[in-house]
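final_6.pdb follows; it contains PDB, C-alpha atoms.
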ATOM      1  CA  MET A   3     -14.395 -12.609 -15.749
ATOM      2  CA  ALA A   4     -17.670 -11.200 -14.396
ATOM      3  CA  CYS A   5     -19.019  -8.396 -16.569
ATOM      4  CA  LEU A   6     -22.031  -6.416 -17.729
ATOM      5  CA  GLN A   7     -22.687  -5.501 -21.343
ATOM      6  CA  HIS A   8     -22.716  -1.713 -21.643
ATOM      7  CA  PRO A   9     -25.840  -0.530 -23.515
ATOM      8  CA  ASP A  10     -23.898   1.910 -25.713
ATOM      9  CA  ARG A  11     -20.478   0.254 -26.125
ATOM     10  CA  ASP A  12     -19.112  -2.971 -27.545
ATOM     11  CA  GLN A  13     -16.620  -3.476 -24.720
ATOM     12  CA  PRO A  14     -17.953  -5.074 -21.522
ATOM     13  CA  VAL A  15     -17.820  -3.496 -18.074
ATOM     14  CA  PHE A  16     -15.781  -5.827 -15.855
ATOM     15  CA  LEU A  17     -16.879  -6.114 -12.248
ATOM     16  CA  MET A  18     -14.768  -5.573  -9.166
ATOM     17  CA  ALA A  19     -15.447  -7.679  -6.062
ATOM     18  CA  HIS A  20     -17.410  -4.696  -4.738
ATOM     19  CA  HIS A  21     -18.563  -2.616  -7.686
ATOM     20  CA  THR A  22     -20.569   0.593  -7.432
ATOM     21  CA  ILE A  23     -22.661   2.290 -10.123
ATOM     22  CA  GLY A  24     -23.549   5.956  -9.817
ATOM     23  CA  ARG A  25     -23.164   9.548 -10.977
ATOM     24  CA  ARG A  26     -20.423  10.700  -8.591
ATOM     25  CA  GLN A  27     -17.099  11.090 -10.373
ATOM     26  CA  GLY A  28     -14.115   9.586  -8.598
ATOM     27  CA  VAL A  29     -16.329   7.527  -6.282
ATOM     28  CA  ALA A  30     -18.538   5.284  -8.442
ATOM     29  CA  ASP A  31     -16.666   2.498 -10.246
ATOM     30  CA  THR A  32     -18.996   2.831 -13.246
ATOM     31  CA  ARG A  33     -20.482   6.256 -13.979
ATOM     32  CA  ILE A  34     -23.906   6.976 -15.422
ATOM     33  CA  THR A  35     -24.340  10.735 -15.841
ATOM     34  CA  LEU A  36     -28.141  10.898 -16.183
ATOM     35  CA  PRO A  37     -29.788  13.338 -13.731
ATOM     36  CA  GLU A  38     -32.017  10.647 -12.167
ATOM     37  CA  ILE A  39     -28.986   8.584 -11.166
ATOM     38  CA  SER A  40     -27.863   8.945  -7.532
ATOM     39  CA  GLY A  41     -24.255   9.614  -6.529
ATOM     40  CA  ILE A  42     -23.949   5.961  -5.517
ATOM     41  CA  HIS A  43     -26.972   4.388  -7.144
ATOM     42  CA  ALA A  44     -26.424   0.634  -6.757
ATOM     43  CA  ALA A  45     -23.777  -1.882  -5.739
ATOM     44  CA  ILE A  46     -22.915  -5.265  -7.245
ATOM     45  CA  GLN A  47     -20.909  -7.536  -4.950
ATOM     46  CA  TRP A  48     -19.222 -10.950  -4.943
ATOM     47  CA  THR A  49     -20.205 -12.861  -1.792
ATOM     48  CA  GLY A  50     -17.608 -15.617  -2.180
ATOM     49  CA  SER A  51     -20.069 -17.936  -3.931
ATOM     50  CA  HIS A  52     -22.309 -15.734  -6.091
ATOM     51  CA  TRP A  53     -23.013 -12.152  -7.169
ATOM     52  CA  ILE A  54     -25.734  -9.923  -5.714
ATOM     53  CA  ILE A  55     -27.055  -6.468  -6.601
ATOM     54  CA  ARG A  56     -28.364  -3.915  -4.094
ATOM     55  CA  ASP A  57     -30.301  -0.708  -4.828
ATOM     56  CA  LEU A  58     -28.993   2.328  -2.910
ATOM     57  CA  SER A  59     -30.840   5.047  -4.798
ATOM     58  CA  ARG A  60     -33.812   7.402  -4.581
ATOM     59  CA  ASN A  61     -35.176   6.639  -8.038
ATOM     60  CA  GLY A  62     -34.834   2.863  -8.158
ATOM     61  CA  THR A  63     -33.116  -0.052  -9.871
ATOM     62  CA  TRP A  64     -34.879  -2.727 -11.945
ATOM     63  CA  VAL A  65     -33.877  -6.328 -12.742
ATOM     64  CA  ASN A  66     -35.854  -7.979 -15.551
ATOM     65  CA  GLY A  67     -38.519  -5.298 -15.184
ATOM     66  CA  GLN A  68     -38.997  -5.794 -11.433
ATOM     67  CA  GLN A  69     -38.030  -2.920  -9.142
ATOM     68  CA  LEU A  70     -35.646  -3.917  -6.364
ATOM     69  CA  ILE A  71     -36.508  -3.372  -2.724
ATOM     70  CA  PRO A  72     -34.078  -0.652  -1.520
ATOM     71  CA  ALA A  73     -30.996  -1.943   0.331
ATOM     72  CA  LYS A  74     -32.080  -5.592  -0.089
ATOM     73  CA  ASN A  75     -29.697  -8.055  -1.763
ATOM     74  CA  GLN A  76     -30.908  -9.611  -5.002
ATOM     75  CA  PRO A  77     -28.964 -12.559  -6.539
ATOM     76  CA  LEU A  78     -27.937 -12.065 -10.147
ATOM     77  CA  GLN A  79     -28.232 -14.582 -12.964
ATOM     78  CA  ILE A  80     -26.579 -14.651 -16.372
ATOM     79  CA  GLY A  81     -28.835 -12.894 -18.861
ATOM     80  CA  ASP A  82     -30.450 -10.599 -16.271
ATOM     81  CA  LYS A  83     -31.364  -7.165 -17.635
ATOM     82  CA  ILE A  84     -30.699  -4.221 -15.331
ATOM     83  CA  THR A  85     -31.902  -0.621 -15.597
ATOM     84  CA  PHE A  86     -30.978   2.255 -13.320
ATOM     85  CA  GLY A  87     -33.016   5.369 -12.454
ATOM     86  CA  ARG A  88     -36.065   4.569 -14.597
ATOM     87  CA  ALA A  89     -37.599   1.301 -15.754
ATOM     88  CA  ASN A  90     -37.352   2.372 -19.416
ATOM     89  CA  ASN A  91     -33.729   3.556 -19.283
ATOM     90  CA  SER A  92     -30.987   1.789 -21.233
ATOM     91  CA  VAL A  93     -30.548  -1.896 -20.378
ATOM     92  CA  TRP A  94     -27.350  -3.341 -18.924
ATOM     93  CA  LYS A  95     -27.177  -7.104 -19.523
ATOM     94  CA  VAL A  96     -25.373  -9.570 -17.231
ATOM     95  CA  GLU A  97     -22.926 -11.388 -19.527
ATOM     96  CA  ASN A  98     -20.706 -13.306 -17.098
ATOM     97  CA  LEU A  99     -20.809 -14.182 -13.389
ATOM     98  CA  ASP A 100     -17.452 -15.859 -12.825
ATOM     99  CA  PRO A 101     -15.544 -14.898  -9.652
ATOM    100  CA  PRO A 102     -13.752 -11.520  -9.791
ATOM    101  CA  GLU A 103     -10.271 -11.447 -11.304
ATOM    102  CA  ASN A 104      -7.356  -9.090 -11.736
ATOM    103  CA  LEU A 105      -6.978  -8.255 -15.409
ATOM    104  CA  LEU A 106      -4.816  -6.572 -17.980
ATOM    105  CA  ILE A 107      -7.138  -4.941 -20.517
ATOM    106  CA  ASP A 108      -5.650  -4.147 -23.904
ATOM    107  CA  ILE A 109      -6.345  -0.456 -24.447
ATOM    108  CA  HIS A 110      -6.679  -0.810 -28.228
ATOM    109  CA  SER A 111      -8.616  -4.077 -28.610
ATOM    110  CA  GLY A 112     -10.388  -4.273 -25.232
ATOM    111  CA  GLU A 113      -9.227  -7.873 -24.857
ATOM    112  CA  ALA A 114      -8.802  -8.885 -21.204
ATOM    113  CA  THR A 115      -6.126 -11.246 -19.879
ATOM    114  CA  ALA A 116      -6.227 -12.749 -16.386
ATOM    115  CA  LEU A 117      -3.355 -11.322 -14.336
ATOM    116  CA  GLU A 118      -1.049 -13.699 -12.481
ATOM    117  CA  SER A 119       0.727 -12.724  -9.262
ATOM    118  CA  TYR A 120       3.943 -12.554 -11.323
ATOM    119  CA  HIS A 121       3.219 -11.589 -14.907
ATOM    120  CA  LEU A 122       5.790 -11.203 -17.704
ATOM    121  CA  LEU A 123       5.290  -8.467 -20.320
ATOM    122  CA  PRO A 124       4.666  -8.272 -23.189
ATOM    123  CA  ASP A 125       4.629 -12.094 -22.996
ATOM    124  CA  GLU A 126       6.490 -15.026 -21.454
ATOM    125  CA  HIS A 127       8.418 -15.863 -24.625
ATOM    126  CA  ASP A 128      10.252 -12.547 -24.976
ATOM    127  CA  PRO A 129       9.784 -10.612 -21.711
ATOM    128  CA  ILE A 130      11.199  -7.145 -21.166
ATOM    129  CA  ALA A 131       9.310  -6.293 -17.965
ATOM    130  CA  SER A 132       7.264  -7.804 -15.185
ATOM    131  CA  LEU A 133       4.140  -6.852 -13.282
ATOM    132  CA  HIS A 134       4.062  -8.525  -9.883
ATOM    133  CA  PHE A 135       2.249  -8.340  -6.564
ATOM    134  CA  ASN A 136       4.200  -7.462  -3.436
ATOM    135  CA  PRO A 137       2.306  -9.022  -0.510
ATOM    136  CA  VAL A 138       4.357  -7.141   2.104
ATOM    137  CA  ASN A 139       2.659  -3.827   1.364
ATOM    138  CA  GLY A 140      -0.153  -5.033  -0.892
ATOM    139  CA  VAL A 141       0.893  -3.186  -4.056
ATOM    140  CA  TRP A 142       1.606  -4.049  -7.688
ATOM    141  CA  ILE A 143       5.049  -3.263  -9.098
ATOM    142  CA  PHE A 144       5.940  -2.713 -12.759
ATOM    143  CA  GLU A 145       9.623  -3.457 -13.296
ATOM    144  CA  LEU A 146      11.778  -3.332 -16.408
ATOM    145  CA  LEU A 147      13.858  -6.416 -17.090
ATOM    146  CA  ASP A 148      17.227  -4.830 -16.350
ATOM    147  CA  GLY A 149      16.116  -3.033 -13.201
ATOM    148  CA  SER A 150      15.366  -3.738  -9.577
ATOM    149  CA  GLU A 151      12.630  -2.744  -7.181
ATOM    150  CA  ASN A 152      14.914  -0.077  -5.724
ATOM    151  CA  SER A 153      15.713   1.499  -9.085
ATOM    152  CA  SER A 154      13.957   4.068 -11.224
ATOM    153  CA  THR A 155      12.894   1.293 -13.614
ATOM    154  CA  ALA A 156      10.473  -0.090 -10.996
ATOM    155  CA  LYS A 157       7.290   1.777 -10.161
ATOM    156  CA  LEU A 158       4.077   1.232  -8.237
ATOM    157  CA  VAL A 159       0.916   0.865 -10.349
ATOM    158  CA  ARG A 160      -2.690   1.097  -9.194
ATOM    159  CA  HIS A 161      -6.129   0.105 -10.392
ATOM    160  CA  GLY A 162      -6.973   1.981 -13.595
ATOM    161  CA  ASN A 163      -3.364   2.915 -14.409
ATOM    162  CA  ARG A 164      -2.075   2.604 -17.958
ATOM    163  CA  ILE A 165       0.911   0.311 -18.498
ATOM    164  CA  ASP A 166       3.057   0.704 -21.614
ATOM    165  CA  CYS A 167       5.535  -1.987 -22.635
ATOM    166  CA  ALA A 168       7.169  -2.192 -26.068
ATOM    167  CA  ARG A 169       4.337  -1.406 -28.493
ATOM    168  CA  HIS A 170       1.621  -2.653 -26.162
ATOM    169  CA  SER A 171      -0.598  -0.723 -23.757
ATOM    170  CA  TRP A 172      -2.916  -2.061 -21.078
ATOM    171  CA  GLU A 173      -5.175  -0.809 -18.325
ATOM    172  CA  LEU A 174      -4.644  -2.459 -14.937
ATOM    173  CA  PHE A 175      -7.953  -3.737 -13.560
ATOM    174  CA  LEU A 176      -7.792  -5.011  -9.977
ATOM    175  CA  GLY A 177     -11.138  -6.712  -9.554
ATOM    176  CA  ASN A 178     -10.069  -9.189  -6.904
ATOM    177  CA  SER A 179      -8.820  -7.965  -3.541
ATOM    178  CA  GLN A 180      -5.555  -9.838  -2.914
ATOM    179  CA  ASN A 181      -6.013  -9.571   0.846
ATOM    180  CA  THR A 182      -9.110 -11.768   0.809
ATOM    181  CA  THR A 183      -7.109 -14.766  -0.442
ATOM    182  CA  THR A 184      -4.099 -14.369   1.828
ATOM    183  CA  GLU A 185      -3.420 -17.463   3.907
ATOM    184  CA  LEU A 186      -2.790 -16.435   7.504
ATOM    185  CA  SER A 187      -0.117 -19.103   8.002
ATOM    186  CA  PHE A 188       1.996 -17.492   5.282
ATOM    187  CA  GLN A 189       1.618 -13.827   6.210
ATOM    188  CA  ASN A 190       4.883 -11.892   6.536
ATOM    189  CA  LEU A 191       6.901 -14.772   5.021
ATOM    190  CA  CYS A 192       9.611 -14.168   2.441
ATOM    191  CA  VAL A 193      11.190 -16.630   0.027
ATOM    192  CA  SER A 194      14.389 -16.341   2.103
ATOM    193  CA  ASP A 195      12.536 -18.079   4.971
ATOM    194  CA  PHE A 196      12.623 -21.281   2.890
ATOM    195  CA  ARG A 197      15.519 -23.720   2.519
ATOM    196  CA  LEU A 198      16.558 -24.250  -1.096
ATOM    197  CA  ARG A 199      17.879 -27.674  -2.024
ATOM    198  CA  PHE A 200      19.549 -28.158  -5.391
ATOM    199  CA  SER A 201      19.777 -31.696  -6.797
ATOM    200  CA  VAL A 202      22.413 -31.624  -9.515
ATOM    201  CA  SER A 203      23.172 -34.365 -12.019
ATOM    202  CA  HIS A 204      26.784 -35.453 -12.574
ATOM    203  CA  HIS A 205      27.361 -33.317 -15.674
ATOM    204  CA  GLU A 206      25.115 -30.521 -14.304
ATOM    205  CA  GLU A 207      22.785 -30.702 -17.286
ATOM    206  CA  HIS A 208      19.811 -31.440 -15.025
ATOM    207  CA  ILE A 209      19.106 -29.345 -11.915
ATOM    208  CA  GLN A 210      16.029 -29.749  -9.742
ATOM    209  CA  LEU A 211      15.024 -27.377  -6.969
ATOM    210  CA  GLN A 212      13.143 -28.031  -3.752
ATOM    211  CA  LEU A 213      11.792 -25.410  -1.326
ATOM    212  CA  ALA A 214      11.288 -26.525   2.272
ATOM    213  CA  ARG A 215      10.000 -24.942   5.459
ATOM    214  CA  ASP A 216       9.085 -26.805   8.631
ATOM    215  CA  ASP A 217       7.335 -29.986   7.444
ATOM    216  CA  SER A 218       6.314 -28.695   4.020
ATOM    217  CA  ARG A 219       8.186 -29.502   0.795
ATOM    218  CA  LEU A 220       7.708 -28.094  -2.694
ATOM    219  CA  ASP A 221       9.463 -29.804  -5.603
ATOM    220  CA  LEU A 222       9.901 -27.699  -8.734
ATOM    221  CA  PRO A 223      10.614 -29.212 -12.153
ATOM    222  CA  ALA A 224      14.032 -28.710 -13.719
ATOM    223  CA  ARG A 225      14.354 -25.496 -15.709
ATOM    224  CA  THR A 226      17.236 -23.771 -17.506
ATOM    225  CA  HIS A 227      17.189 -20.874 -15.047
ATOM    226  CA  ASN A 228      17.935 -23.273 -12.165
ATOM    227  CA  TYR A 229      21.573 -23.243 -13.240
ATOM    228  CA  LEU A 230      21.721 -19.481 -12.664
ATOM    229  CA  LEU A 231      20.261 -19.969  -9.172
ATOM    230  CA  LEU A 232      22.814 -22.726  -8.531
ATOM    231  CA  TYR A 233      25.637 -20.413  -9.697
ATOM    232  CA  LEU A 234      24.483 -17.701  -7.272
ATOM    233  CA  ALA A 235      23.973 -20.247  -4.468
ATOM    234  CA  ARG A 236      27.589 -21.404  -4.804
ATOM    235  CA  ALA A 237      28.797 -17.800  -4.651
ATOM    236  CA  ARG A 238      26.862 -17.214  -1.436
ATOM    237  CA  ILE A 239      28.061 -20.456   0.149
ATOM    238  CA  ARG A 240      31.692 -19.581  -0.650
ATOM    239  CA  ASP A 241      31.289 -16.272   1.183
ATOM    240  CA  ILE A 242      29.691 -17.998   4.163
ATOM    241  CA  GLN A 243      32.683 -20.332   4.302
ATOM    242  CA  ARG A 244      34.968 -17.301   4.360
ATOM    243  CA  GLY A 245      33.061 -15.681   7.212
ATOM    244  CA  ILE A 246      31.868 -12.728   5.108
ATOM    245  CA  ASP A 247      29.266 -10.525   6.805
ATOM    246  CA  HIS A 248      25.647 -11.448   5.943
ATOM    247  CA  ALA A 249      24.995  -8.141   4.142
ATOM    248  CA  ASP A 250      27.990  -8.675   1.858
ATOM    249  CA  GLN A 251      27.592 -12.383   1.101
ATOM    250  CA  GLY A 252      27.128 -13.711  -2.395
ATOM    251  CA  TRP A 253      27.320 -10.560  -4.509
ATOM    252  CA  VAL A 254      28.451 -11.257  -8.089
ATOM    253  CA  SER A 255      28.961  -8.656 -10.794
ATOM    254  CA  ALA A 256      26.672  -8.977 -13.795
ATOM    255  CA  ASP A 257      29.676  -8.841 -16.139
ATOM    256  CA  LEU A 258      31.386 -11.752 -14.365
ATOM    257  CA  ALA A 259      28.168 -13.803 -14.316
ATOM    258  CA  THR A 260      27.557 -13.363 -18.046
ATOM    259  CA  ARG A 261      31.146 -14.331 -18.865
ATOM    260  CA  GLU A 262      31.203 -17.413 -16.656
ATOM    261  CA  LEU A 263      27.748 -18.579 -17.688
ATOM    262  CA  GLY A 264      28.324 -17.793 -21.364
ATOM    263  CA  ILE A 265      25.114 -15.776 -21.795
ATOM    264  CA  THR A 266      24.176 -12.209 -22.675
ATOM    265  CA  VAL A 267      22.982  -9.633 -20.151
ATOM    266  CA  ASN A 268      19.481  -9.790 -21.636
ATOM    267  CA  HIS A 269      19.436 -13.589 -21.321
ATOM    268  CA  LEU A 270      20.672 -13.293 -17.741
ATOM    269  CA  ASN A 271      17.874 -10.881 -16.844
ATOM    270  CA  THR A 272      15.281 -13.038 -18.591
ATOM    271  CA  GLN A 273      16.381 -16.060 -16.547
ATOM    272  CA  ILE A 274      16.057 -14.050 -13.315
ATOM    273  CA  PHE A 275      12.509 -13.079 -14.259
ATOM    274  CA  ARG A 276      11.552 -16.632 -15.160
ATOM    275  CA  ALA A 277      13.024 -18.023 -11.943
ATOM    276  CA  ARG A 278      11.097 -15.504  -9.871
ATOM    277  CA  LYS A 279       7.919 -16.257 -11.808
ATOM    278  CA  GLN A 280       8.213 -20.036 -11.424
ATOM    279  CA  ILE A 281       8.611 -19.775  -7.650
ATOM    280  CA  ALA A 282       5.980 -17.033  -7.302
ATOM    281  CA  ASP A 283       3.469 -19.168  -9.210
ATOM    282  CA  SER A 284       4.251 -22.189  -7.006
ATOM    283  CA  LEU A 285       3.955 -20.516  -3.593
ATOM    284  CA  PRO A 286       0.886 -18.889  -2.007
ATOM    285  CA  ASP A 287       0.320 -15.253  -2.969
ATOM    286  CA  ALA A 288       1.008 -14.105   0.593
ATOM    287  CA  ILE A 289       4.720 -14.981   0.330
ATOM    288  CA  ASP A 290       7.080 -12.259  -0.895
ATOM    289  CA  THR A 291       9.219 -13.745  -3.686
ATOM    290  CA  SER A 292      10.645 -10.464  -4.977
ATOM    291  CA  ARG A 293      13.942 -11.045  -3.133
ATOM    292  CA  LEU A 294      14.733 -14.412  -4.694
ATOM    293  CA  VAL A 295      17.479 -12.601  -6.597
ATOM    294  CA  GLU A 296      18.552  -9.311  -5.033
ATOM    295  CA  ARG A 297      20.154  -6.620  -7.158
ATOM    296  CA  ARG A 298      22.186  -3.488  -6.651
ATOM    297  CA  SER A 299      24.312  -1.427  -9.011
ATOM    298  CA  TYR A 300      25.778  -3.894 -11.550
ATOM    299  CA  GLU A 301      25.652  -6.739  -9.005
ATOM    300  CA  MET A 302      23.288  -9.516  -7.973
ATOM    301  CA  ARG A 303      23.040 -12.287  -5.404
ATOM    302  CA  LEU A 304      20.722 -15.073  -4.324
ATOM    303  CA  GLY A 305      18.463 -13.632  -1.637
ATOM    304  CA  CYS A 306      18.153 -17.003   0.109
ATOM    305  CA  TYR A 307      20.848 -18.228   2.510
ATOM    306  CA  LEU A 308      19.431 -21.581   3.703
ATOM    307  CA  LEU A 309      21.040 -23.707   1.010
ATOM    308  CA  ASP A 310      21.865 -27.344   0.278
ATOM    309  CA  ILE A 311      23.541 -28.590  -2.908
ATOM    310  CA  PHE A 312      23.574 -32.321  -3.678
ATOM    311  CA  LYS A 313      25.346 -34.039  -6.537
ATOM    312  CA  GLY A 314      23.747 -37.422  -6.717
ATOM    313  CA  SER A 315      23.484 -38.497  -3.083
ATOM    314  CA  GLN A 316      26.418 -36.458  -1.775
ATOM    315  CA  LYS A 317      26.230 -32.985  -0.335
ATOM    316  CA  GLU A 318      28.495 -30.668  -2.268
ATOM    317  CA  GLU A 319      28.952 -27.885   0.250
ATOM    318  CA  LEU A 320      28.249 -26.780   3.801
ATOM    319  CA  GLU A 321      24.984 -26.021   5.531
ATOM    320  CA  ALA A 322      24.668 -22.342   4.725
ATOM    321  CA  SER A 323      22.392 -21.737   7.692
ATOM    322  CA  THR A 324      25.066 -22.708  10.232
ATOM    323  CA  GLY A 325      28.302 -21.982   8.412
ATOM    324  CA  GLU A 326      29.702 -25.363   9.439
ATOM    325  CA  TYR A 327      31.217 -27.913   7.107
ATOM    326  CA  ALA A 328      29.091 -30.901   6.399
ATOM    327  CA  ILE A 329      30.572 -34.356   5.808
ATOM    328  CA  PRO A 330      29.320 -35.873   2.543
ATOM    329  CA  GLU A 331      26.826 -38.580   3.298
ATOM    330  CA  VAL A 332      24.699 -41.081   1.455
ATOM    331  CA  GLU A 333      20.999 -40.440   1.705
ATOM    332  CA  THR A 334      18.739 -43.250   2.783
ATOM    333  CA  ASN A 335      15.054 -43.546   2.051
TER     334      ASN A 335
END

Whole structure, structure tokens version:
Amino acid sequence: MACLQHPDRDQPVFLMAHHTIGRRQGVADTRITLPEISGIHAAIQWTGSHWIIRDLSRNGTWVNGQQLIPAKNQPLQIGDKITFGRANNSVWKVENLDPPENLLIDIHSGEATALESYHLLPDEHDPIASLHFNPVNGVWIFELLDGSENSSTAKLVRHGNRIDCARHSWELFLGNSQNTTTELSFQNLCVSDFRLRFSVSHHEEHIQLQLARDDSRLDLPARTHNYLLLYLARARIRDIQRGIDHADQGWVSADLATRELGITVNHLNTQIFRARKQIADSLPDAIDTSRLVERRSYEMRLGCYLLDIFKGSQKEELEASTGEYAIPEVETN
């Protein structure tokens, strides 16, 4: 986590991929209010391989006592000492030069945690909310466990916003532009563009999941939440068999799901979050995984409709993509 040590504070100043220092409020990423500091005094930038600093001021910027040539890039090294405005002003020390990251910064302790594209809050062991990136519109969404992206429990959050969850509070720091890492081949893809294949053991105690698209295959390890996805997949396949309209396929009430699965509503919601997180962490960031499980008032369904279910070597149901019955067959290697 690239950062500078502030001369007057214990907490470091974390660096964005393009980070400006200056006096202008609302424009400079880090403000220095001294009169000799320009509105935008200097810029520190990640090039993709290293960090550079560039002086943009009238009164100068110094690195290790040497004044920078205006508008010329100067590579930074760990331990460099930077002063802005005057050579004898307070020193900012370069503490870390790792690539830029998105962070959650604990408001009380200042501790920073690297932010994943699908992050469970306050932690993975007992989550009550998620913070996740939506690649369709390039925004971060904070969502309570029992809500959906279309409900009042889901809200957009931006760089610098405060996020409160249980007794914890963080500042959202978006140091890494998500768009720079987007893979062009995956732009505008959704998880529903993938075929889901469930491999189910005889007693259904072991369920593996595979995602496939074109010639690519992604095998995910068995997890408890795979049974919930299997339950929702069967509900959607049954509706396809019945000729139900696409918009109405697969919806199951939360009350019915909890009764038939023998779990609480909270456990059900936790499994949805963990399923979405596992798939989000396994696919490129450019793919929208928010619709893995779709939700509306007191109902849910599997957002995917390209589905195969195998028990052992035999296909359990039809090809959901075509709506035609499939004859059970033995797979060959």

### Query
Hey, what comes out of the PyMOL selection byres ((chain A and resi 99) around 12) on this file? Could you write it as a PyMOL selection string?
chain A and resi 3-7+16-19+46-54+77-82+95-98+100-103

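Here the PyMOL selection byres ((chain A and resi 226-241) around 7) matches the residues Ile209, Ala224, Arg225, Ile242, Gln243, Arg244, Gly245, Ile246, Gln251, Gly252, Gln273, Ala277, Arg303, Leu304 and Ala322 of chain A.
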
Would you list the contacts of range 110-115 of chain A as a short mmCIF file (atom, residue, chain, number, x, y, z; two decimals) with C-alpha atoms, keeping the file's coordinate frame, taking every protein, DNA or RNA residue within 8 Å and counting only C-alpha atoms, but skipping same-chain residues closer than 3 positions in sequence?
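Writing done, so here's result_39.cif:
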data_model
loop_
_atom_site.label_atom_id
_atom_site.label_comp_id
_atom_site.auth_asym_id
_atom_site.auth_seq_id
_atom_site.Cartn_x
_atom_site.Cartn_y
_atom_site.Cartn_z
CA GLN A 13 -16.62 -3.48 -24.72
CA LEU A 105 -6.98 -8.26 -15.41
CA LEU A 106 -4.82 -6.57 -17.98
CA ILE A 107 -7.14 -4.94 -20.52
CA SER A 171 -0.60 -0.72 -23.76
#

### the PyMOL selection byres ((chain A and resi 168) around 9) resolved against shown file, as JSON, numbers by chain
{"A": [123, 124, 130, 166, 167, 169, 170, 171]}

### Selection as a PyMOL selection string: residues within 12 Å of (9.5, -15.0, 3.3), counting only C-alpha atoms
chain A and resi 136-138+187-197+213-215+281-282+285-294+305-308

### Query
When you draw a straight line from CA of Asn104 in chain A to CA of Gln76 in chain A, how long is it in Å?
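One can read the CA of Asn104 in chain A to CA of Gln76 in chain A distance as 24.5 Å.
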
#### Entry: Atomic separation - CA of Ile55 in chain A relative to CA of Gln69 in chain A, Å
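So the two atoms, CA of Gln69 in chain A and CA of Ile55 in chain A, lie 11.8 Å apart.
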
### Query
By how many Å are CA of Gly62 in chain A and CA of Asp12 in chain A apart?
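Value for the CA of Gly62 in chain A-CA of Asp12 in chain A distance: 25.6 Å.
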
With all atoms of range 248-259 of chain A from the file as input, state the centre and edge lengths in Å to one decimal of the axis-aligned box that has 5 Å extra on each side, as AutoDock Vina command-line options.
--center_x 28.2 --center_y -11.0 --center_z -5.1 --size_x 16.4 --size_y 15.7 --size_z 32.1

### Message
Give me the residues near Leu58 in chain A as a PyMOL selection string, where near means some atom within 8 Å (using only C-alpha atoms) and where sequence neighbours in that chain fewer than 4 positions away do not count.
### Response
chain A and resi 42-45+62+72-73

### Query
List as a count of residues only: which residues have an atom within 12 Å of (2.0, -22.5, -9.6), counting all atoms listed in the file?
17

#### Entry: His161 in chain A surroundings by all atoms listed in the file, 8 Å radius, close-in-sequence under 6 positions cut, as an MDAnalysis selection string
chainID A and resid 174:176

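Comparing the minimum interatomic distances between Asp310 in chain A and each of A:Leu211, A:Leu198, A:Ile274, A:Leu258, counting all atoms listed in the file, we find that A:Leu198 sits nearest.
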
### Long-range neighbours of Gly87 in chain A as a list in words, 9 Å cut-off, only C-alpha atoms, 4 positions minimum in chain
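So, after excluding close chain neighbours, the residues are Leu36, Pro37, Glu38, Ile39, Ser40, His43, Ser59, Arg60, Asn61, Gly62, Thr63, Trp64 and Asn91 of chain A.
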